[in-house]
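Content type mmCIF, C-alpha atoms, from the file target.cif:
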```
data_structure
#
loop_
_atom_site.label_atom_id
_atom_site.label_comp_id
_atom_site.auth_asym_id
_atom_site.auth_seq_id
_atom_site.Cartn_x
_atom_site.Cartn_y
_atom_site.Cartn_z
CA MET A 106 82.74 76.82 110.04
CA ARG A 107 80.63 77.28 113.14
CA VAL A 108 80.75 77.92 116.87
CA ILE A 109 80.70 74.49 118.48
CA ALA A 110 79.65 75.16 122.08
CA GLY A 111 78.77 77.84 124.59
CA VAL A 112 76.52 80.88 124.36
CA ALA A 113 76.98 81.25 120.58
CA LYS A 114 76.68 77.53 119.82
CA GLY A 115 75.63 76.74 116.27
CA ARG A 116 76.30 80.20 114.84
CA ARG A 117 77.91 80.03 111.41
CA LEU A 118 81.09 82.00 110.88
CA GLU A 119 81.99 83.76 107.67
CA SER A 120 85.29 82.80 106.00
CA VAL A 121 87.91 85.15 104.60
CA PRO A 122 87.86 84.85 100.78
CA GLY A 123 90.96 83.34 99.15
CA ASP A 124 93.76 81.40 100.80
CA SER A 125 95.39 84.11 102.91
CA THR A 126 94.08 82.61 106.17
CA ARG A 127 94.19 79.12 107.62
CA PRO A 128 90.92 78.46 109.43
CA ILE A 129 90.94 75.56 111.83
CA THR A 130 88.64 72.66 110.98
CA ASP A 131 85.60 72.16 113.20
CA ARG A 132 86.96 68.73 114.16
CA ALA A 133 90.32 70.12 115.30
CA LYS A 134 88.66 73.09 117.05
CA GLU A 135 86.30 70.79 118.94
CA ALA A 136 89.23 68.59 120.00
CA LEU A 137 91.25 71.64 121.06
CA PHE A 138 88.49 72.93 123.29
CA ASP A 139 87.85 69.46 124.71
CA ILE A 140 91.50 69.58 125.84
CA LEU A 141 91.25 73.12 127.23
CA SER A 142 87.78 72.36 128.72
CA THR A 143 87.09 74.18 131.97
CA HIS A 144 90.39 76.09 131.95
CA ILE A 145 88.97 78.48 129.34
CA VAL A 146 86.35 79.94 131.70
CA GLY A 147 87.61 83.29 132.98
CA ALA A 148 90.75 83.15 130.82
CA ARG A 149 92.59 85.94 129.03
CA PHE A 150 93.19 84.67 125.49
CA LEU A 151 95.39 86.03 122.67
CA ASP A 152 94.49 84.98 119.12
CA LEU A 153 97.52 85.94 117.02
CA PHE A 154 96.97 85.94 113.26
CA GLY A 155 93.24 86.23 114.08
CA GLY A 156 91.87 85.63 110.57
CA THR A 157 88.17 84.79 110.79
CA GLY A 158 88.38 84.70 114.58
CA GLY A 159 87.11 81.11 114.81
CA VAL A 160 89.30 80.05 117.73
CA GLY A 161 89.01 83.24 119.76
CA ILE A 162 85.26 83.38 119.18
CA GLU A 163 84.99 79.78 120.40
CA ALA A 164 86.95 80.78 123.52
CA LEU A 165 84.58 83.70 124.16
CA SER A 166 81.54 81.50 123.57
CA ARG A 167 82.85 79.02 126.15
CA GLY A 168 83.46 81.64 128.84
CA ALA A 169 86.82 83.36 128.31
CA ASP A 170 86.74 86.79 129.96
CA GLU A 171 88.65 88.50 127.18
CA VAL A 172 90.08 87.68 123.77
CA ILE A 173 92.50 89.91 121.95
CA PHE A 174 92.57 89.29 118.21
CA VAL A 175 95.65 90.49 116.33
CA GLU A 176 95.31 90.69 112.55
CA ARG A 177 96.84 92.98 109.93
CA SER A 178 94.75 92.11 106.84
CA ALA A 179 91.96 94.63 106.19
CA VAL A 180 89.84 91.94 104.51
CA ALA A 181 90.25 89.53 107.43
CA LEU A 182 89.50 92.30 109.93
CA LYS A 183 86.16 93.03 108.23
CA VAL A 184 85.19 89.34 108.36
CA LEU A 185 86.35 89.07 111.98
CA GLY A 186 84.27 92.10 112.92
CA ARG A 187 81.16 90.68 111.24
CA ASN A 188 81.70 87.31 112.96
CA LEU A 189 81.98 89.00 116.37
CA GLN A 190 78.80 91.00 115.74
CA HIS A 191 76.92 87.95 114.42
CA THR A 192 77.79 85.90 117.50
CA GLY A 193 77.07 88.75 119.93
CA LEU A 194 80.53 88.36 121.48
CA ALA A 195 82.03 91.69 120.41
CA PRO A 196 81.80 93.33 123.89
CA ARG A 197 84.47 90.98 125.34
CA ALA A 198 86.71 91.11 122.25
CA HIS A 199 89.49 93.53 121.46
CA VAL A 200 90.56 93.62 117.83
CA VAL A 201 94.01 95.02 117.12
CA ARG A 202 95.03 95.85 113.56
CA GLN A 203 98.75 95.18 113.71
CA ASP A 204 101.48 92.82 112.69
CA ALA A 205 101.54 89.94 115.18
CA PHE A 206 105.30 90.20 115.73
CA LYS A 207 105.11 93.91 116.49
CA TYR A 208 102.25 93.30 118.89
CA LEU A 209 104.36 90.80 120.85
CA THR A 210 107.00 93.50 121.45
CA LEU A 211 104.60 96.10 122.86
CA PRO A 212 105.10 97.04 126.51
CA ASP A 213 102.27 96.60 128.99
CA ILE A 214 100.08 94.16 127.05
CA GLY A 215 99.78 92.03 130.16
CA ALA A 216 99.95 88.29 130.66
CA PHE A 217 97.78 85.70 128.98
CA ASP A 218 96.38 82.32 129.98
CA PHE A 219 96.36 81.13 126.35
CA ILE A 220 98.11 82.29 123.20
CA PHE A 221 96.89 80.72 119.96
CA VAL A 222 99.31 80.92 117.01
CA ALA A 223 98.01 79.97 113.53
CA PRO A 224 99.95 81.94 110.90
CA PRO A 225 99.97 81.39 107.13
CA GLN A 226 101.46 77.98 106.28
CA TYR A 227 104.97 77.07 105.21
CA GLN A 228 106.62 80.39 106.06
CA GLU A 229 108.06 79.36 109.45
CA LEU A 230 106.12 82.21 111.06
CA TRP A 231 105.00 79.91 113.89
CA GLN A 232 108.65 79.43 114.85
CA GLN A 233 109.23 83.18 114.88
CA ALA A 234 106.13 83.75 117.00
CA LEU A 235 107.23 81.12 119.54
CA ALA A 236 110.70 82.68 119.69
CA ARG A 237 109.14 86.08 120.45
CA VAL A 238 106.99 84.62 123.22
CA ASP A 239 109.98 82.68 124.59
CA ALA A 240 111.98 85.93 124.77
CA ARG A 241 109.18 87.54 126.83
CA PRO A 242 107.99 84.88 129.29
CA HIS A 243 106.17 87.55 131.32
CA LEU A 244 103.51 87.42 128.56
CA LEU A 245 102.41 84.11 130.08
CA ASN A 246 100.71 83.46 133.39
CA PRO A 247 102.38 80.60 135.31
CA ALA A 248 100.08 77.82 133.99
CA ALA A 249 99.59 79.42 130.56
CA GLU A 250 99.62 77.49 127.32
CA VAL A 251 100.77 78.50 123.85
CA ILE A 252 98.97 76.48 121.18
CA VAL A 253 100.40 76.37 117.67
CA GLN A 254 98.34 75.24 114.68
CA ILE A 255 100.45 74.02 111.76
CA HIS A 256 100.38 71.43 109.02
CA PRO A 257 102.22 68.30 110.24
CA LYS A 258 104.84 68.71 107.48
CA GLU A 259 105.83 72.09 108.95
CA PHE A 260 106.87 70.74 112.34
CA LYS A 261 110.45 71.05 113.55
CA GLU A 262 111.71 70.26 117.03
CA LEU A 263 112.80 73.54 118.61
CA GLU A 264 114.70 74.39 121.78
CA PHE A 265 113.72 77.40 123.84
CA ALA A 266 115.06 79.03 126.98
CA ASN A 267 111.65 79.39 128.65
CA LEU A 268 109.16 77.26 126.71
CA ARG A 269 108.77 73.51 126.45
CA ARG A 270 106.50 71.48 124.20
CA PHE A 271 104.41 69.14 126.32
CA ASP A 272 101.84 67.74 123.89
CA THR A 273 101.11 67.27 120.18
CA ARG A 274 97.84 66.25 118.57
CA ARG A 275 97.02 65.56 114.91
CA TYR A 276 93.67 65.86 113.20
CA GLY A 277 94.17 65.11 109.51
CA GLY A 278 96.11 68.01 108.03
CA VAL A 279 96.03 69.98 111.30
CA GLN A 280 98.67 69.59 113.99
CA LEU A 281 98.30 71.29 117.36
CA ASP A 282 101.43 71.69 119.47
CA PHE A 283 101.11 72.77 123.09
CA TYR A 284 103.85 74.71 124.86
CA GLY A 285 104.12 75.93 128.43
CA LEU A 286 106.71 77.57 130.63
CA LYS A 287 109.54 75.35 131.78
CA VAL A 288 109.32 74.42 135.45
CA GLU A 289 112.39 75.15 137.54
CA ASP A 290 113.88 72.08 139.22
CA SER A 291 114.21 72.49 142.97
#
```
Starting from the file, give its structure as structure tokens.
Amino acid sequence: MRVIAGVAKGRRLESVPGDSTRPITDRAKEALFDILSTHIVGARFLDLFGGTGGVGIEALSRGADEVIFVERSAVALKVLGRNLQHTGLAPRAHVVRQDAFKYLTLPDIGAFDFIFVAPPQYQELWQQALARVDARPHLLNPAAEVIVQIHPKEFKELEFANLRRFDTRRYGGVQLDFYGLKVEDS
């Protein structure tokens, strides 16, 4: 696992030992950031279920103003901290040791341009996270995107009051689903 582009390009990232995290493949991460491209510069980014920090670190490397990493595992937090120090991106990162679902209920956390959701597999946690974001649409700036990383076998079509899925991409065993706020018909 490595940083693909930006100021920390080529830096190797440490992995969390065991199978408690689901790091994104370099191929899927590169494709994701090709899609996000110039929209990442200046963005406020939330990396829920932060794990190793690979996606949020890539966002910082490519010019995001701020990334908030939410992770509850002490082991993952140590790895995330070392990865931020190794890449030199720690000054623009905020690491929060907390349950992702509790974090989404906090008042005054502000609005985000991107929320990346990559929880442990096969526990339907991605659905719960989307439901929490849907219930609090003020967490999203008007053109914001929520990106969900799952295994393709996990996908279920879901209906939300405020969110709509507008794109899906597959890269082997990684599926990325993109959600945004529904646009009011005039």
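Minimum atom-to-atom distance to Ile145 (chain A), evaluated using only C-alpha atoms, belongs to A:Arg167 out of A:Arg167, A:Lys261, A:Arg197, A:Arg132.
Excluding Val160 (chain A) itself and same-chain residues fewer than 6 positions from it, the residues having an atom within 10 Å of it are Val108, Pro128, Ile129, Asp131, Lys134, Glu135, Leu137, Phe138, Phe150, Leu151, Asp152, Ser166, Val172, Phe174, Phe221 and Ala223 of chain A, counting only C-alpha atoms.
The smallest atom-to-atom distance between Phe265 (chain A) and any of A:Ala240, A:Leu211, A:Val251, A:Val279, using only C-alpha atoms, is found for A:Ala240.
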(Q) When the PyMOL selection byres ((chain A and resi 215) around 8) is applied to the structure above, which residues does it catch, written out as a PyMOL selection string? (A) chain A and resi 213-214+216-217+243-244
Q: Apply the PyMOL selection byres ((chain A and resi 191) around 10) to the structure shown and report the selected residues as a ChimeraX atom specification.
A: /A:113,116-119,185-190,192-195
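For Arg270 (chain A), the set of protein, DNA and RNA residues having any atom at most 7 Å away, when counting only C-alpha atoms and skipping those fewer than 6 positions along the same chain, is Asp282, Phe283, Tyr284 and Gly285 of chain A.
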Q: Expand the PyMOL selection byres ((chain A and resi 289) around 12) into the individual residues it matches in the shown file, reporting them as a PyMOL selection string.
A: chain A and resi 247+266-269+286-288+290-291
(Q) Just the number, please: distance in Å from CA of Arg177 (chain A) to CA of Asp204 (chain A), one decimal. (A) 5.4 Å
**Q.** Close residues, Ala169 (chain A) itself excluded, 7 Å, all atoms listed in the file, min 3 positions apart in chain, as a PyMOL selection string
**A.** chain A and resi 145-149+164-165
As lines of an AutoDock Vina configuration file, please: the centre and edge lengths in Å, to one decimal, of an axis-aligned box enclosing every listed atom of region 107-125 of chain A with 3 Å added on each side.
```
center_x = 85.5
center_y = 79.8
center_z = 111.9
size_x = 25.8
size_y = 16.7
size_z = 31.4
```
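CA of Val201 (chain A) sits 17.1 Å away from CA of Val121 (chain A).
Shortest separation to Phe206 (chain A) among A:Gly277, A:Phe219, A:Leu230, A:Asp272 occurs at residue A:Leu230, atoms counted being all atoms listed in the file.
Coordinates place CA of Trp231 (chain A) at a distance of 18.4 Å from CA of Asp218 (chain A).
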Atoms kept (C-alpha atoms) for region 159-226 of chain A, as a short mmCIF file (atom, residue, chain, number, x, y, z; two decimals), in the first residue's frame:
```cif
data_model
loop_
_atom_site.label_atom_id
_atom_site.label_comp_id
_atom_site.auth_asym_id
_atom_site.auth_seq_id
_atom_site.Cartn_x
_atom_site.Cartn_y
_atom_site.Cartn_z
CA GLY A 159 -4.90 5.13 3.16
CA VAL A 160 -7.81 7.00 1.58
CA GLY A 161 -7.68 10.07 3.81
CA ILE A 162 -3.90 10.28 3.47
CA GLU A 163 -4.28 10.13 -0.32
CA ALA A 164 -6.81 12.99 -0.08
CA LEU A 165 -4.37 15.07 1.99
CA SER A 166 -1.52 14.28 -0.40
CA ARG A 167 -3.63 15.50 -3.32
CA GLY A 168 -4.59 18.80 -1.68
CA ALA A 169 -7.54 18.33 0.68
CA ASP A 170 -7.50 21.10 3.29
CA GLU A 171 -8.53 18.83 6.15
CA VAL A 172 -9.20 15.16 6.77
CA ILE A 173 -10.89 13.87 9.88
CA PHE A 174 -10.14 10.21 10.57
CA VAL A 175 -12.57 8.37 12.85
CA GLU A 176 -11.34 5.06 14.23
CA ARG A 177 -11.98 3.21 17.49
CA SER A 178 -9.32 0.46 17.35
CA ALA A 179 -6.22 1.28 19.40
CA VAL A 180 -4.04 -0.84 17.10
CA ALA A 181 -5.37 0.87 13.97
CA LEU A 182 -4.94 4.30 15.57
CA LYS A 183 -1.24 3.63 16.22
CA VAL A 184 -0.71 2.57 12.59
CA LEU A 185 -2.70 5.57 11.34
CA GLY A 186 -0.60 7.92 13.46
CA ARG A 187 2.65 6.43 12.16
CA ASN A 188 1.39 6.68 8.56
CA LEU A 189 0.49 10.35 9.03
CA GLN A 190 3.92 11.09 10.53
CA HIS A 191 5.74 9.11 7.81
CA THR A 192 3.97 11.02 5.04
CA GLY A 193 4.38 14.41 6.74
CA LEU A 194 0.64 15.05 6.48
CA ALA A 195 -0.22 15.01 10.19
CA PRO A 196 -0.65 18.83 10.50
CA ARG A 197 -3.80 18.81 8.31
CA ALA A 198 -5.23 15.64 9.86
CA HIS A 199 -7.50 15.29 12.86
CA VAL A 200 -7.68 11.80 14.34
CA VAL A 201 -10.71 11.04 16.49
CA ARG A 202 -10.78 7.90 18.63
CA GLN A 203 -14.48 7.12 18.61
CA ASP A 204 -17.13 4.83 17.25
CA ALA A 205 -18.05 6.05 13.76
CA PHE A 206 -21.79 5.96 14.48
CA LYS A 207 -21.41 8.04 17.64
CA TYR A 208 -19.27 10.53 15.76
CA LEU A 209 -22.01 11.03 13.16
CA THR A 210 -24.44 12.08 15.93
CA LEU A 211 -22.18 14.75 17.44
CA PRO A 212 -23.42 18.34 17.19
CA ASP A 213 -21.30 20.96 15.45
CA ILE A 214 -18.98 18.70 13.45
CA GLY A 215 -19.63 20.81 10.39
CA ALA A 216 -20.29 19.88 6.79
CA PHE A 217 -18.06 17.79 4.56
CA ASP A 218 -17.28 17.74 0.86
CA PHE A 219 -16.54 13.99 0.96
CA ILE A 220 -17.37 11.22 3.39
CA PHE A 221 -15.60 7.91 2.81
CA VAL A 222 -17.23 4.84 4.40
CA ALA A 223 -15.26 1.56 4.46
CA PRO A 224 -16.33 -0.48 7.50
CA PRO A 225 -15.53 -4.13 8.25
CA GLN A 226 -17.11 -6.42 5.65
#
```
